[in-house]
>>> print(open('final02.csv').read())   # CSV, C-alpha atoms
chain,number,residue,atom,x,y,z
A,1,MET,CA,0.0,0.0,0.0
A,2,ASP,CA,3.0,2.3,-0.2
A,3,TRP,CA,1.8,3.7,-3.5
A,4,LEU,CA,-1.5,4.6,-2.0
A,5,ARG,CA,0.0,6.2,1.1
A,6,ARG,CA,2.3,8.4,-1.1
A,7,TYR,CA,-0.7,9.3,-3.3
A,8,TRP,CA,-2.8,10.5,-0.3
A,9,ALA,CA,0.2,12.4,1.0
A,10,ARG,CA,0.2,14.2,-2.4
A,11,VAL,CA,-3.5,15.0,-2.0
A,12,GLN,CA,-3.1,16.3,1.5
A,13,GLU,CA,-0.1,18.4,0.5
A,14,ALA,CA,-2.1,20.0,-2.4
A,15,LEU,CA,-5.2,20.3,-0.3
A,16,LEU,CA,-3.6,22.1,2.6
A,17,GLY,CA,-0.9,23.9,0.5
A,18,ALA,CA,-0.8,27.7,0.1
A,19,SER,CA,-1.0,27.7,-3.7
A,20,PRO,CA,-4.0,25.7,-4.9
A,21,PRO,CA,-4.3,25.3,-8.7
A,22,ASP,CA,-8.0,25.9,-8.7
A,23,ASP,CA,-7.9,28.7,-11.2
A,24,ALA,CA,-6.0,26.6,-13.7
A,25,LEU,CA,-8.5,23.8,-13.3
A,26,ARG,CA,-11.4,26.1,-13.8
A,27,ASP,CA,-9.9,27.5,-16.9
A,28,GLN,CA,-9.2,24.0,-18.2
A,29,ALA,CA,-12.9,23.0,-17.6
A,30,ARG,CA,-14.2,26.1,-19.3
A,31,LEU,CA,-12.2,25.3,-22.4
A,32,ALA,CA,-13.6,21.8,-22.5
A,33,ALA,CA,-17.2,22.5,-21.5
A,34,PRO,CA,-19.8,22.6,-24.3
A,35,VAL,CA,-21.7,25.9,-24.6
A,36,VAL,CA,-25.5,26.2,-24.6
A,37,TRP,CA,-26.4,29.5,-26.2
A,38,LEU,CA,-29.5,30.9,-24.5
A,39,LEU,CA,-31.7,33.1,-26.7
A,40,GLY,CA,-34.8,34.9,-25.7
A,41,LYS,CA,-36.6,38.1,-25.1
A,42,THR,CA,-36.6,39.8,-21.7
A,43,GLY,CA,-39.0,37.9,-19.4
A,44,ALA,CA,-39.0,34.8,-21.5
A,45,GLY,CA,-37.7,32.7,-18.6
A,46,LYS,CA,-34.0,32.2,-19.4
A,47,THR,CA,-32.9,32.7,-15.8
A,48,ALA,CA,-35.5,30.2,-14.5
A,49,VAL,CA,-34.4,27.6,-17.1
A,50,VAL,CA,-30.7,27.9,-16.1
A,51,SER,CA,-31.8,27.7,-12.4
A,52,ALA,CA,-33.9,24.6,-12.9
A,53,LEU,CA,-31.1,22.9,-14.9
A,54,THR,CA,-28.3,23.7,-12.5
A,55,GLY,CA,-30.2,23.3,-9.3
A,56,ASP,CA,-29.3,26.7,-8.0
A,57,ALA,CA,-31.9,28.9,-6.4
A,58,ARG,CA,-33.0,31.6,-8.9
A,59,ALA,CA,-31.4,34.4,-6.8
A,60,GLU,CA,-28.1,32.5,-7.0
A,61,VAL,CA,-27.9,31.9,-10.7
A,62,GLY,CA,-25.7,34.9,-11.2
A,63,ASN,CA,-23.0,33.6,-8.8
A,64,GLY,CA,-21.3,31.8,-11.7
A,65,PHE,CA,-21.6,34.4,-14.4
A,66,GLN,CA,-18.8,35.9,-16.3
A,67,PRO,CA,-19.0,38.7,-18.9
A,68,CYS,CA,-18.4,37.7,-22.5
A,69,THR,CA,-19.2,40.5,-24.9
A,70,ARG,CA,-21.2,43.7,-24.5
A,71,GLU,CA,-24.4,41.8,-25.3
A,72,ALA,CA,-23.8,38.5,-23.5
A,73,ARG,CA,-22.6,36.8,-20.3
A,74,PHE,CA,-21.8,33.3,-19.2
A,75,TYR,CA,-23.3,31.1,-16.5
A,76,ASP,CA,-21.0,28.3,-15.6
A,77,ALA,CA,-22.5,25.1,-14.1
A,78,PRO,CA,-21.0,24.4,-11.6
A,79,PRO,CA,-18.9,27.6,-11.3
A,80,GLU,CA,-15.8,26.1,-9.9
A,81,ALA,CA,-15.4,23.4,-12.7
A,82,PRO,CA,-18.1,23.8,-15.3
A,83,VAL,CA,-19.4,20.8,-17.3
A,84,LEU,CA,-21.7,23.1,-19.2
A,85,ARG,CA,-21.6,26.8,-20.0
A,86,PHE,CA,-24.7,28.9,-20.7
A,87,LEU,CA,-24.1,31.9,-22.9
A,88,ASP,CA,-27.0,34.3,-22.2
A,89,THR,CA,-27.3,36.8,-25.0
A,90,ARG,CA,-28.5,40.3,-24.2
A,91,GLY,CA,-30.2,42.9,-26.2
A,92,LEU,CA,-32.3,40.7,-28.6
A,93,GLU,CA,-35.0,43.3,-28.7
A,94,GLU,CA,-32.6,46.1,-29.6
A,95,PRO,CA,-32.7,46.9,-33.4
A,96,GLY,CA,-28.9,47.4,-33.5
A,97,TYR,CA,-28.0,44.0,-32.0
A,98,ASP,CA,-25.6,42.1,-34.2
A,99,PRO,CA,-25.1,38.4,-33.2
A,100,ALA,CA,-21.9,38.1,-35.3
A,101,GLU,CA,-19.6,38.5,-32.3
A,102,ASP,CA,-21.4,35.9,-30.2
A,103,ILE,CA,-21.6,33.4,-33.1
A,104,ALA,CA,-17.9,33.9,-33.8
A,105,TRP,CA,-17.0,33.2,-30.2
A,106,CYS,CA,-18.9,30.0,-30.2
A,107,GLU,CA,-17.5,28.7,-33.5
A,108,GLY,CA,-15.6,25.4,-33.2
A,109,ARG,CA,-17.2,24.3,-29.9
A,110,SER,CA,-19.7,21.7,-29.1
A,111,HIS,CA,-22.8,23.8,-29.2
A,112,LEU,CA,-26.5,24.0,-28.8
A,113,LEU,CA,-29.0,26.8,-29.3
A,114,LEU,CA,-31.6,27.0,-26.6
A,115,ALA,CA,-34.3,29.5,-27.6
A,116,VAL,CA,-36.7,30.4,-24.7
A,117,MET,CA,-40.1,31.7,-25.7
A,118,GLN,CA,-43.2,32.6,-23.7
A,119,ALA,CA,-45.8,30.4,-25.3
A,120,SER,CA,-48.3,33.2,-25.2
A,121,ASP,CA,-46.0,35.6,-27.1
A,122,PRO,CA,-46.1,35.2,-31.0
A,123,ALA,CA,-43.8,38.2,-31.6
A,124,GLN,CA,-40.5,36.3,-31.8
A,125,GLU,CA,-38.7,37.9,-34.7
A,126,PRO,CA,-35.8,39.1,-32.6
A,127,VAL,CA,-35.1,35.5,-31.6
A,128,LEU,CA,-35.7,34.1,-35.0
A,129,ARG,CA,-33.3,36.6,-36.6
A,130,VAL,CA,-30.4,35.3,-34.5
A,131,VAL,CA,-31.4,31.6,-34.9
A,132,ARG,CA,-31.5,32.0,-38.7
A,133,GLU,CA,-28.1,33.8,-38.8
A,134,ALA,CA,-26.5,31.1,-36.6
A,135,ARG,CA,-28.0,28.3,-38.7
A,136,ARG,CA,-26.9,30.1,-41.9
A,137,ARG,CA,-23.3,29.8,-40.8
A,138,HIS,CA,-23.6,26.5,-38.8
A,139,PRO,CA,-26.5,24.4,-40.2
A,140,ASP,CA,-25.5,21.5,-38.0
A,141,TRP,CA,-26.0,23.3,-34.7
A,142,PRO,CA,-28.9,21.7,-32.8
A,143,VAL,CA,-31.8,23.9,-31.8
A,144,VAL,CA,-34.0,23.3,-28.8
A,145,VAL,CA,-37.0,25.6,-28.3
A,146,ALA,CA,-38.3,25.9,-24.7
A,147,GLN,CA,-41.9,27.1,-24.8
A,148,THR,CA,-42.5,28.5,-21.4
A,149,GLY,CA,-45.3,30.0,-19.3
A,150,LEU,CA,-48.0,27.4,-20.2
A,151,HIS,CA,-50.1,28.3,-17.2
A,152,ARG,CA,-50.7,31.8,-18.6
A,153,LEU,CA,-52.8,30.1,-21.3
A,154,TYR,CA,-54.8,27.9,-18.9
A,155,ALA,CA,-58.5,28.5,-18.5
A,156,SER,CA,-59.7,29.3,-14.9
A,157,GLY,CA,-59.2,26.3,-12.6
A,158,GLN,CA,-57.0,24.3,-15.0
A,159,GLY,CA,-53.8,22.7,-13.8
A,160,HIS,CA,-50.9,21.1,-15.6
A,161,ARG,CA,-51.7,18.4,-18.1
A,162,ASP,CA,-49.2,16.8,-20.3
A,163,ALA,CA,-49.7,16.4,-24.1
A,164,PRO,CA,-52.1,16.7,-25.5
A,165,PHE,CA,-52.3,20.1,-23.8
A,166,PRO,CA,-55.6,22.1,-23.5
A,167,GLU,CA,-56.8,23.4,-26.8
A,168,GLY,CA,-55.8,27.0,-26.4
A,169,VAL,CA,-52.3,25.9,-25.3
A,170,GLU,CA,-51.9,23.6,-28.3
A,171,ASP,CA,-52.9,26.4,-30.7
A,172,ALA,CA,-50.4,28.8,-29.2
A,173,LEU,CA,-47.6,26.2,-29.3
A,174,ALA,CA,-48.4,25.3,-32.9
A,175,ARG,CA,-48.3,29.0,-34.0
A,176,GLN,CA,-44.8,29.3,-32.5
A,177,ARG,CA,-43.6,26.1,-34.1
A,178,ALA,CA,-44.7,27.4,-37.5
A,179,LEU,CA,-42.4,30.3,-37.1
A,180,PHE,CA,-39.5,27.9,-37.6
A,181,ASP,CA,-40.7,26.5,-40.9
A,182,GLY,CA,-38.0,26.7,-43.5
A,183,LEU,CA,-35.2,27.0,-41.0
A,184,ARG,CA,-32.0,25.7,-42.5
A,185,GLY,CA,-30.6,22.4,-41.0
A,186,PRO,CA,-32.2,19.8,-38.8
A,187,ALA,CA,-35.7,20.5,-37.4
A,188,PRO,CA,-35.7,22.1,-33.9
A,189,VAL,CA,-36.8,20.1,-30.9
A,190,PHE,CA,-39.7,21.9,-29.2
A,191,VAL,CA,-40.2,21.5,-25.4
A,192,PRO,CA,-43.3,23.0,-23.8
A,193,LEU,CA,-42.7,23.5,-20.1
A,194,ASP,CA,-43.8,25.6,-17.1
A,195,PHE,CA,-41.7,26.7,-14.1
A,196,THR,CA,-43.6,28.3,-11.2
A,197,GLU,CA,-43.1,29.3,-7.6
A,198,GLU,CA,-44.6,28.0,-4.3
A,199,GLY,CA,-48.0,29.6,-3.9
A,200,ASP,CA,-48.8,29.9,-7.6
A,201,GLY,CA,-51.1,26.9,-7.2
A,202,TYR,CA,-49.5,24.7,-9.8
A,203,GLU,CA,-47.8,21.3,-9.3
A,204,PRO,CA,-45.2,20.2,-10.1
A,205,LEU,CA,-43.3,23.5,-9.8
A,206,LEU,CA,-40.9,22.3,-12.6
A,207,PHE,CA,-43.4,21.0,-15.0
A,208,ARG,CA,-41.7,19.0,-17.9
A,209,LEU,CA,-38.2,19.7,-16.8
A,210,ASP,CA,-37.4,16.1,-17.6
A,211,ALA,CA,-38.4,16.7,-21.2
A,212,LEU,CA,-35.9,19.6,-21.4
A,213,GLU,CA,-33.2,17.5,-19.9
A,214,GLY,CA,-33.9,14.8,-22.4
A,215,ALA,CA,-33.6,17.2,-25.3
A,216,LEU,CA,-30.2,18.4,-23.9
A,217,ALA,CA,-29.0,14.9,-23.3
A,218,ALA,CA,-29.7,13.9,-26.9
A,219,ALA,CA,-27.1,16.5,-28.0
A,220,LEU,CA,-24.8,16.8,-25.0
A,221,PRO,CA,-25.1,13.5,-23.1
A,222,GLU,CA,-22.2,13.8,-20.7
A,223,ALA,CA,-22.9,17.4,-19.7
A,224,ALA,CA,-26.6,16.8,-19.2
A,225,ALA,CA,-25.9,13.7,-17.1
A,226,ALA,CA,-23.7,15.7,-14.8
A,227,LEU,CA,-26.4,18.3,-14.3
A,228,ALA,CA,-29.0,15.7,-13.7
A,229,ALA,CA,-26.8,14.1,-11.1
A,230,GLY,CA,-27.4,17.1,-8.8
A,231,ARG,CA,-31.0,16.0,-8.4
A,232,ALA,CA,-30.1,12.4,-7.6
A,233,ASP,CA,-29.8,13.6,-4.0
A,234,ALA,CA,-33.4,14.7,-3.6
A,235,GLY,CA,-33.4,13.7,0.1
A,236,HIS,CA,-30.9,16.5,1.0
A,237,ASP,CA,-30.8,20.2,0.5
A,238,SER,CA,-29.9,22.2,-2.6
A,239,ARG,CA,-26.3,22.6,-1.2
A,240,SER,CA,-25.8,18.9,-1.6
A,241,ALA,CA,-27.3,18.9,-5.0
A,242,ARG,CA,-24.9,21.6,-6.2
A,243,ALA,CA,-22.0,19.9,-4.5
A,244,ARG,CA,-22.8,16.7,-6.4
A,245,GLN,CA,-22.7,18.6,-9.7
A,246,SER,CA,-19.2,19.7,-8.7
A,247,VAL,CA,-18.2,16.1,-8.0
A,248,TRP,CA,-19.3,15.1,-11.5
A,249,ALA,CA,-17.5,18.0,-13.0
A,250,TYR,CA,-14.2,17.1,-11.3
A,251,ALA,CA,-14.7,13.5,-12.2
A,252,GLY,CA,-14.8,14.4,-15.9
A,253,LEU,CA,-11.7,16.6,-15.6
A,254,SER,CA,-9.8,13.8,-13.9
A,255,ALA,CA,-9.8,11.8,-17.0
A,256,VAL,CA,-7.1,14.2,-18.3
A,257,PRO,CA,-4.3,13.4,-15.9
A,258,GLY,CA,-5.3,9.7,-16.0
A,259,ALA,CA,-4.6,9.8,-19.7
A,260,MET,CA,-1.2,11.5,-19.4
A,261,PRO,CA,1.5,9.3,-21.1
A,262,VAL,CA,4.1,9.9,-18.3
A,263,PRO,CA,3.1,8.0,-15.1
A,264,ALA,CA,4.4,10.5,-12.5
A,265,VAL,CA,2.7,13.4,-14.2
A,266,GLY,CA,-0.6,11.6,-14.3
A,267,VAL,CA,-0.5,10.7,-10.6
A,268,ALA,CA,0.5,14.2,-9.6
A,269,GLY,CA,-2.2,15.8,-11.7
A,270,LEU,CA,-4.9,13.5,-10.3
A,271,ALA,CA,-3.8,14.2,-6.8
A,272,ALA,CA,-3.9,18.0,-7.4
A,273,LEU,CA,-7.3,17.7,-9.0
A,274,GLN,CA,-8.8,15.7,-6.2
A,275,ALA,CA,-7.5,18.2,-3.7
A,276,ALA,CA,-9.1,21.0,-5.6
A,277,MET,CA,-12.4,19.0,-5.6
A,278,LEU,CA,-12.2,18.4,-1.9
A,279,ARG,CA,-11.5,22.1,-1.2
A,280,ALA,CA,-14.4,23.1,-3.4
A,281,LEU,CA,-16.8,20.7,-1.7
A,282,ALA,CA,-15.7,21.9,1.8
A,283,THR,CA,-16.4,25.5,0.7
A,284,ARG,CA,-19.9,24.4,-0.4
A,285,PHE,CA,-20.5,23.1,3.1
A,286,GLY,CA,-18.7,25.8,5.1
A,287,VAL,CA,-16.1,23.4,6.4
A,288,VAL,CA,-12.3,24.0,6.5
A,289,TRP,CA,-10.0,21.1,5.9
A,290,THR,CA,-7.2,20.6,8.4
A,291,ALA,CA,-4.7,17.8,8.6
A,292,ASP,CA,-6.7,16.2,11.4
A,293,LEU,CA,-10.0,16.4,9.4
A,294,PHE,CA,-8.4,15.0,6.3
A,295,ALA,CA,-6.8,12.1,8.3
A,296,ARG,CA,-10.3,11.3,9.7
A,297,PHE,CA,-11.8,11.3,6.2
A,298,ALA,CA,-9.0,9.0,4.9
A,299,GLY,CA,-9.6,6.9,8.0
A,300,CYS,CA,-13.3,6.6,7.2
A,301,LEU,CA,-12.5,5.3,3.7
A,302,GLY,CA,-9.8,3.0,5.0
A,303,LEU,CA,-6.9,1.6,3.0
A,304,GLY,CA,-9.0,-1.4,2.1
A,305,THR,CA,-11.4,0.7,0.1
A,306,PHE,CA,-8.6,1.9,-2.2
A,307,GLY,CA,-6.5,-1.3,-2.2
A,308,TRP,CA,-8.0,-2.5,-5.5
A,309,PHE,CA,-7.7,1.0,-6.9
A,310,ALA,CA,-4.1,1.3,-5.9
A,311,LEU,CA,-3.2,-2.0,-7.4
A,312,ARG,CA,-5.0,-1.6,-10.7
A,313,TYR,CA,-4.1,2.1,-11.2
A,314,GLY,CA,-0.5,1.6,-10.3
A,315,VAL,CA,-0.1,-1.4,-12.6
A,316,VAL,CA,-1.8,0.4,-15.5
A,317,GLU,CA,0.4,3.5,-14.9
A,318,ALA,CA,3.5,1.3,-15.1
A,319,ALA,CA,2.2,0.0,-18.4
A,320,LYS,CA,2.4,3.5,-19.9
A,321,LEU,CA,6.2,2.9,-20.0
A,322,VAL,CA,5.6,0.4,-22.8
A,323,PRO,CA,6.1,2.2,-26.1
A,324,GLY,CA,3.2,2.5,-28.5
A,325,VAL,CA,0.2,0.4,-27.7
A,326,GLY,CA,1.0,0.3,-24.0
A,327,THR,CA,1.1,4.0,-23.7
A,328,LEU,CA,-2.2,4.6,-25.6
A,329,GLY,CA,-4.1,1.7,-24.1
A,330,ALA,CA,-3.0,2.4,-20.5
A,331,GLY,CA,-3.8,6.0,-20.9
A,332,ALA,CA,-7.4,5.3,-22.0
A,333,ALA,CA,-7.9,2.7,-19.3
A,334,ASN,CA,-6.7,5.0,-16.5
A,335,ALA,CA,-8.6,8.0,-17.8
A,336,ALA,CA,-11.8,6.1,-17.3
A,337,PHE,CA,-10.7,4.6,-14.0
A,338,ALA,CA,-9.4,7.9,-12.6
A,339,ALA,CA,-12.8,9.6,-13.4
A,340,ALA,CA,-14.7,6.9,-11.6
A,341,PHE,CA,-12.3,7.0,-8.7
A,342,THR,CA,-12.8,10.8,-8.4
A,343,ALA,CA,-16.5,10.4,-8.5
A,344,GLY,CA,-16.4,7.8,-5.7
A,345,THR,CA,-14.1,10.0,-3.6
A,346,GLY,CA,-16.3,13.0,-4.1
A,347,GLU,CA,-19.5,11.1,-3.1
A,348,ALA,CA,-17.7,9.9,0.0
A,349,ALA,CA,-16.7,13.4,0.8
A,350,LEU,CA,-20.3,14.6,0.5
A,351,VAL,CA,-21.3,12.2,3.2
A,352,PHE,CA,-18.3,13.1,5.4
A,353,LEU,CA,-18.7,16.9,4.9
A,354,ARG,CA,-22.5,16.9,5.4
A,355,ALA,CA,-21.9,15.4,8.8
A,356,ALA,CA,-19.0,17.7,9.6
A,357,ARG,CA,-21.1,20.7,8.9
A,358,ARG,CA,-23.5,19.6,11.6
A,359,GLY,CA,-20.6,19.0,14.0
A,360,GLN,CA,-21.0,15.2,13.7
A,361,ALA,CA,-18.9,12.3,12.6
A,362,ALA,CA,-20.1,10.4,9.6
A,363,PRO,CA,-20.2,6.6,10.1
A,364,PRO,CA,-17.3,5.1,8.2
A,365,GLU,CA,-19.5,2.4,6.6
A,366,GLU,CA,-21.7,5.2,5.1
A,367,VAL,CA,-18.6,7.0,3.7
A,368,ARG,CA,-17.3,3.7,2.2
A,369,ARG,CA,-20.7,2.9,0.8
A,370,ALA,CA,-21.0,6.3,-0.8
A,371,TYR,CA,-17.6,5.8,-2.4
A,372,ALA,CA,-18.7,2.5,-3.9
A,373,GLU,CA,-22.0,3.8,-5.2
A,374,GLY,CA,-20.4,6.9,-6.7
A,375,PHE,CA,-17.8,4.8,-8.5
A,376,ALA,CA,-20.4,2.5,-9.9
A,377,ARG,CA,-22.8,5.4,-10.8
A,378,TRP,CA,-20.1,7.1,-12.8
A,379,ARG,CA,-19.2,3.9,-14.7
A,380,ALA,CA,-22.8,3.2,-15.4
A,381,SER,CA,-23.4,6.8,-16.7
A,382,ARG,CA,-20.4,6.5,-19.1
A,383,ARG,CA,-21.8,3.2,-20.5
A,384,LYS,CA,-25.2,4.8,-21.0
A,385,ALA,CA,-23.7,7.9,-22.7
A,386,ALA,CA,-21.7,5.6,-25.0
A,387,ALA,CA,-24.7,3.4,-25.9
>>> encode(input="final02.csv", output="structure tokens")
Amino acid sequence: MDWLRRYWARVQEALLGASPPDDALRDQARLAAPVVWLLGKTGAGKTAVVSALTGDARAEVGNGFQPCTREARFYDAPPEAPVLRFLDTRGLEEPGYDPAEDIAWCEGRSHLLLAVMQASDPAQEPVLRVVREARRRHPDWPVVVAQTGLHRLYASGQGHRDAPFPEGVEDALARQRALFDGLRGPAPVFVPLDFTEEGDGYEPLLFRLDALEGALAAALPEAAAALAAGRADAGHDSRSARARQSVWAYAGLSAVPGAMPVPAVGVAGLAALQAAMLRALATRFGVVWTADLFARFAGCLGLGTFGWFALRYGVVEAAKLVPGVGTLGAGAANAAFAAAFTAGTGEAALVFLRAARRGQAAPPEEVRRAYAEGFARWRASRRKAAA
């Protein structure tokens, strides 16, 4: 187990060190994350859509935003290591808005246009103008149209009802869909939905969110899976949900050091990344890592939990020294394994930190079980995305 002890020493050194590489990791994630370009008029519900997809409270959506151009801004989900970036275009109703700068910025990236439209508003020419220009230059970009505010079209006393929707609603949806007739490229995917607040009298509050997630998953399977993972922890608060999104973000990033052809570089990179993840998760829960707290976390997991990991990862890292096939094959194998290992470690940390925040000690068996479940959940999600 000497390899494993040395590895955890690297993690602890990076975790408690004075110069964390978090900014570099965040920049790396931003470069790799696909971009969803949000289009919509003021009041269409773009902020509510981002909030629902990321799990953040609506008042907190702006925490991860970064200016892009004069007309646009970014929302990173999650902010510390984004798996998905929402580009929120501003000024669509202004006659002088020119989308060329935004389109140019997005060129060359995995991309999806998400047009958000109030179902009751047929005047969508500002949005259509941008969509047409984007499709003129990039006819392969997928387009998803979120048709929001369904309840504004309900008759008195009506509640949510899935398709077929009430007659007045169906008519309004059809009129909007007809606006996209003749659009260059593949046909858009239309998703009617309705997001309301407590007290509005409509249940569920996030009506047909699953349909929107399905549309995103069809185009961006790995990013959408990471966002959906945040809601897998429905029994806990929104802090836990957002923390789980961070776990999946860092798990995706950890495939990079796992794939490095030089063993020492890969191990050091993975340790630094896991330290950054643990630090981000502790910040989410308002906990500060100390040497004693980290030792207790490692003790909860136990060397036995990582014995198989240490053996397999160490052997495969050594195989990278074999020229040609050994380097490539070992890199691919450890990229997948490192990601699952990071997911498991992150899930274990969620259990540990949730208890630490309450001033309690998490039962070691629960921490170990969370690791095993996180490891298995990540592997299953990769198989599903590849299917």
>>> atom_distance(input="final02.csv", atom1="atom CA of Arg377 of chain A", atom2="atom CA of Arg242 of chain A")
17.0 Å
>>> atom_distance(input="final02.csv", atom1="atom CA of Phe352 of chain A", atom2="atom CA of Val288 of chain A")
12.5 Å
>>> closest_residue(input="final02.csv", among="A:Ala362, A:Pro78, A:Arg135, A:Thr342", to="Ala275 of chain A", atoms="all atoms listed in the file")
A:Thr342
>>> atom_distance(input="final02.csv", atom1="atom CA of Glu366 of chain A", atom2="atom CA of Pro221 of chain A")
29.6 Å
>>> residues_around(input="final02.csv", residues="Gly299 of chain A", least_positions_apart="6", cutoff="10 Å", atoms="only C-alpha atoms", output="number ranges by chain")
A: 293, 364, 367
>>> residues_around(input="final02.csv", residues="Arg244 of chain A", least_positions_apart="2", cutoff="8 Å", atoms="all atoms listed in the file", output="PyMOL selection string")
chain A and resi 229-230+240-242+246-248+346-347+350
>>> closest_residue(input="final02.csv", among="A:Val169, A:Leu31, A:Ala48, A:Val11", to="Glu197 of chain A", atoms="all atoms listed in the file")
A:Ala48
>>> closest_residue(input="final02.csv", among="A:Thr148, A:Gln274, A:Gln245, A:Gln158", to="Ala9 of chain A", atoms="all atoms listed in the file")
A:Gln274
>>> closest_residue(input="final02.csv", among="A:Asp194, A:Glu167, A:Asp292, A:Glu93", to="Gln147 of chain A", atoms="all atoms listed in the file")
A:Asp194
